[in-house]
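Asks: Below is the structure I would like to discuss, written out as structure tokens.
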Amino acid sequence: MFAALANPLRFMAFSRWAAPLLGAAAAVAIGVGLVFGLEAPPDYQQGQTVQIMFVHVPAAWTAMLAYACLGAASFVSLVFRHALADQAAKAAAPLGAAFTGLALITGSLWGRPMWGAWWVWGDARLVSVLVLFLLFLGYLALRASIEDEAKSARAGEILALIGLINLPVIHFSVEWWNTLHQGESILRKGGPALAPVYLLPLLLMGAGYSLAFGALWLARTRAEVWKRRATSLALQAALA
């Protein structure tokens, strides 16, 4: 399937219907997740602020997913010199920055009543997610600062691949260092630690965020393809 979609014409045909379909599925999942989340009872420790979890945690998941997609697309572009992969990487970066920013903001809103502080520099997960945000911004700034498209793509790809090392750091930070964050609550030995009343809306929101990222990624990649085509046609017309 992925080999077939590597062809720009097939990708454009596929994404034409896949993007709105994923967007509709995302709207349903997020809508249902919000309903269940708002109806969830207060937690015995966190009170009503537990509802921030349904926005914060899926945003963090999706931010990591977005960077994994950025890194994978950058690898394909760097190794195989595939133009569509480069366009996909460019399309993923601003989306990843947005989801990471949302995770940081909602994390601060959650942390203030729980920890008594908006931000704790000694928390390994907080700092590693901030590094993820800076990697997204650095990629965007690097691509925008170099006029030569080939050099811009290569520099961005190298940065994106180096930044992949931060993903396992984020995931395992609660095990490797001291952190205020709790350990794994879902994919753990013995089953999820969350009660179903909290687990269901969290998973629905996580699925909705992922679907929304997929829809937006396809749409933005389509825009990058059209932009590349327009630039190519303008150059041909100028040389004619």
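Please note that chains go A, B, ... in the order of the structure tokens, that every chain numbers its residues from 1, and that ligands are numbered from 1 in the order shown.
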For range 140-166 of chain A against range 60-66 of chain A, with a cut-off of 12 Å and counting only C-alpha atoms, what is the closest atom pair and its distance in Å to one decimal for every residue that makes the cut, ordered by chain and number, as JSON lines?

Replies:
{"residue": "A:Ala160", "atom": "CA", "partner": "A:Ala66", "partner_atom": "CA", "distance": 11.3}
{"residue": "A:Gly163", "atom": "CA", "partner": "A:Met64", "partner_atom": "CA", "distance": 11.2}
{"residue": "A:Leu164", "atom": "CA", "partner": "A:Met64", "partner_atom": "CA", "distance": 9.6}
{"residue": "A:Ile165", "atom": "CA", "partner": "A:Met64", "partner_atom": "CA", "distance": 11.5}
{"residue": "A:Asn166", "atom": "CA", "partner": "A:Met64", "partner_atom": "CA", "distance": 9.4}

Asks: Could you name the residues that touch Thr49 in chain A at 10 Å or less, counting only C-alpha atoms, but leaving out those on the same chain fewer than 4 positions away, as a list in words?

Replies: Pro42, Asp43, Gln45, Met53, Leu109, Trp110, Gly111, Pro113 and Met114 of chain A

Asks: Produce a file of the selected residues containing N, CA, C and O atoms, as a compact mmCIF listing (two decimals), in the first residue's frame.

Replies:
# COMPACT_ATOMS: atom_id res chain seq x y z
N PRO A 42 -15.67 13.05 39.44
CA PRO A 42 -14.39 13.57 39.95
C PRO A 42 -13.53 12.45 40.52
O PRO A 42 -14.03 11.49 41.11
N ASP A 43 -12.23 12.55 40.29
CA ASP A 43 -11.29 11.58 40.83
C ASP A 43 -11.09 11.85 42.32
O ASP A 43 -11.15 13.01 42.78
N GLN A 45 -8.46 11.87 44.04
CA GLN A 45 -7.28 12.67 44.30
C GLN A 45 -7.29 13.98 43.51
O GLN A 45 -6.98 15.04 44.05
N MET A 53 -7.06 15.56 31.72
CA MET A 53 -6.33 14.41 31.20
C MET A 53 -6.83 14.00 29.82
O MET A 53 -6.05 13.56 28.97
N LEU A 109 -1.72 23.49 33.04
CA LEU A 109 -3.02 23.69 33.69
C LEU A 109 -3.35 22.55 34.64
O LEU A 109 -3.99 22.75 35.68
N TRP A 110 -2.92 21.36 34.28
CA TRP A 110 -3.14 20.19 35.12
C TRP A 110 -2.17 20.17 36.30
O TRP A 110 -2.52 19.79 37.42
N GLY A 111 -0.93 20.59 36.03
CA GLY A 111 0.09 20.52 37.05
C GLY A 111 -0.09 21.52 38.18
O GLY A 111 0.29 21.25 39.32
N PRO A 113 -2.80 22.69 39.93
CA PRO A 113 -3.52 22.22 41.13
C PRO A 113 -2.96 20.92 41.71
O PRO A 113 -3.12 20.66 42.90
N MET A 114 -2.30 20.11 40.87
CA MET A 114 -1.81 18.82 41.34
C MET A 114 -0.46 18.94 42.05
O MET A 114 -0.21 18.31 43.08

Asks: Show me, as a PyMOL selection string, the residues that have an atom within 12 Å of Arg143 in chain A when counting only C-alpha atoms, minus same-chain residues fewer than 2 positions from it.

Replies: chain A and resi 86-87+89-91+93-94+136-141+145-160

Asks: Using only C-alpha atoms, which of A:Ile162, A:Ile52, A:Met205, A:Leu22 sits nearest Ser108 in chain A?

Replies: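 Ranking A:Ile162, A:Ile52, A:Met205, A:Leu22 by distance to Ser108 in chain A, first place goes to A:Ile52.
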
Asks: Nearest to Pro196 in chain A: which of A:Phe213, A:Phe11, A:Phe75, A:Phe36 is it, counting only C-alpha atoms?

Replies: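 Closest residue, counting only C-alpha atoms: A:Phe36.
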
Asks: Pick out the closest residue to Glu39 in chain A from this set: A:Leu202, A:Val197, A:Ala6, A:Leu161. Count only C-alpha atoms.

Replies: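 Checking each candidate against Glu39 in chain A, we get A:Val197 as the closest.
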
Asks: Extract, using only C-alpha atoms, all DNA, RNA and protein residues at most 8 Å from Ala19 in chain A, discarding same-chain residues fewer than 5 positions from it, and format them as a PyMOL selection string.

Replies: chain A and resi 214-216+218-219

Asks: List the spatial neighbours of Leu167 in chain A as an mmCIF file with all heavy atoms, in the first residue's frame - criterion: any atom at most 9 Å away, only C-alpha atoms, same-chain residues fewer than 3 positions off excluded.

Replies:
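Here's the written file result_27.cif:
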data_model
loop_
_atom_site.group_PDB
_atom_site.id
_atom_site.type_symbol
_atom_site.label_atom_id
_atom_site.label_comp_id
_atom_site.auth_asym_id
_atom_site.auth_seq_id
_atom_site.Cartn_x
_atom_site.Cartn_y
_atom_site.Cartn_z
ATOM 1 N N MET A 64 3.929 12.842 19.775
ATOM 2 C CA MET A 64 4.966 11.847 19.525
ATOM 3 C C MET A 64 4.719 11.113 18.207
ATOM 4 O O MET A 64 5.666 10.812 17.463
ATOM 5 C CB MET A 64 5.019 10.858 20.689
ATOM 6 C CG MET A 64 5.452 11.492 22.006
ATOM 7 S SD MET A 64 5.406 10.338 23.400
ATOM 8 C CE MET A 64 6.721 9.204 22.956
ATOM 9 N N TYR A 67 5.890 13.341 15.413
ATOM 10 C CA TYR A 67 7.341 13.385 15.219
ATOM 11 C C TYR A 67 7.842 12.080 14.612
ATOM 12 O O TYR A 67 8.778 12.087 13.797
ATOM 13 C CB TYR A 67 8.088 13.681 16.522
ATOM 14 C CG TYR A 67 9.488 14.167 16.230
ATOM 15 C CD1 TYR A 67 9.740 15.518 16.068
ATOM 16 C CD2 TYR A 67 10.536 13.274 16.025
ATOM 17 C CE1 TYR A 67 11.010 15.974 15.744
ATOM 18 C CE2 TYR A 67 11.797 13.717 15.698
ATOM 19 C CZ TYR A 67 12.030 15.058 15.551
ATOM 20 O OH TYR A 67 13.286 15.499 15.213
ATOM 21 N N ALA A 68 7.227 10.955 14.983
ATOM 22 C CA ALA A 68 7.606 9.685 14.367
ATOM 23 C C ALA A 68 7.334 9.719 12.863
ATOM 24 O O ALA A 68 8.144 9.237 12.060
ATOM 25 C CB ALA A 68 6.844 8.537 15.022
ATOM 26 N N SER A 128 11.614 16.885 28.451
ATOM 27 C CA SER A 128 11.771 16.163 27.185
ATOM 28 C C SER A 128 10.654 16.501 26.202
ATOM 29 O O SER A 128 10.894 16.547 24.986
ATOM 30 C CB SER A 128 11.830 14.657 27.435
ATOM 31 O OG SER A 128 10.698 14.201 28.142
ATOM 32 N N VAL A 129 9.450 16.772 26.692
ATOM 33 C CA VAL A 129 8.375 17.211 25.794
ATOM 34 C C VAL A 129 8.649 18.633 25.299
ATOM 35 O O VAL A 129 8.371 18.962 24.143
ATOM 36 C CB VAL A 129 7.001 17.120 26.488
ATOM 37 C CG1 VAL A 129 5.906 17.738 25.616
ATOM 38 C CG2 VAL A 129 6.650 15.671 26.776
ATOM 39 N N LEU A 132 10.919 18.293 22.525
ATOM 40 C CA LEU A 132 10.179 17.881 21.331
ATOM 41 C C LEU A 132 9.572 19.093 20.626
ATOM 42 O O LEU A 132 9.637 19.218 19.398
ATOM 43 C CB LEU A 132 9.073 16.899 21.728
ATOM 44 C CG LEU A 132 8.220 16.333 20.585
ATOM 45 C CD1 LEU A 132 9.058 15.439 19.692
ATOM 46 C CD2 LEU A 132 7.019 15.577 21.136
ATOM 47 N N GLY A 163 16.597 14.092 16.043
ATOM 48 C CA GLY A 163 15.595 14.305 17.078
ATOM 49 C C GLY A 163 14.804 13.077 17.462
ATOM 50 O O GLY A 163 14.160 13.055 18.513
ATOM 51 N N LEU A 164 14.857 12.024 16.628
ATOM 52 C CA LEU A 164 14.112 10.802 16.954
ATOM 53 C C LEU A 164 14.565 10.190 18.273
ATOM 54 O O LEU A 164 13.799 9.477 18.928
ATOM 55 C CB LEU A 164 14.274 9.776 15.828
ATOM 56 C CG LEU A 164 13.453 10.023 14.557
ATOM 57 C CD1 LEU A 164 13.858 9.038 13.472
ATOM 58 C CD2 LEU A 164 11.957 9.938 14.843
ATOM 59 N N ILE A 170 11.292 10.502 26.059
ATOM 60 C CA ILE A 170 9.987 10.917 26.584
ATOM 61 C C ILE A 170 9.261 9.725 27.197
ATOM 62 O O ILE A 170 8.734 9.792 28.310
ATOM 63 C CB ILE A 170 9.131 11.554 25.477
ATOM 64 C CG1 ILE A 170 9.751 12.852 24.989
ATOM 65 C CG2 ILE A 170 7.706 11.812 25.983
ATOM 66 C CD1 ILE A 170 9.045 13.446 23.780
ATOM 67 N N HIS A 171 9.236 8.618 26.455
ATOM 68 C CA HIS A 171 8.463 7.458 26.895
ATOM 69 C C HIS A 171 9.005 6.859 28.194
ATOM 70 O O HIS A 171 8.235 6.507 29.107
ATOM 71 C CB HIS A 171 8.452 6.405 25.791
ATOM 72 C CG HIS A 171 7.667 5.182 26.146
ATOM 73 N ND1 HIS A 171 6.286 5.162 26.160
ATOM 74 C CD2 HIS A 171 8.063 3.931 26.512
ATOM 75 C CE1 HIS A 171 5.860 3.967 26.506
ATOM 76 N NE2 HIS A 171 6.916 3.202 26.731
ATOM 77 N N PHE A 172 10.326 6.721 28.275
ATOM 78 C CA PHE A 172 10.915 6.042 29.427
ATOM 79 C C PHE A 172 11.403 7.002 30.514
ATOM 80 O O PHE A 172 12.017 6.553 31.487
ATOM 81 C CB PHE A 172 12.100 5.173 28.961
ATOM 82 C CG PHE A 172 11.689 4.008 28.102
ATOM 83 C CD1 PHE A 172 11.960 4.009 26.743
ATOM 84 C CD2 PHE A 172 11.025 2.926 28.647
ATOM 85 C CE1 PHE A 172 11.586 2.935 25.942
ATOM 86 C CE2 PHE A 172 10.641 1.845 27.863
ATOM 87 C CZ PHE A 172 10.917 1.853 26.504
#
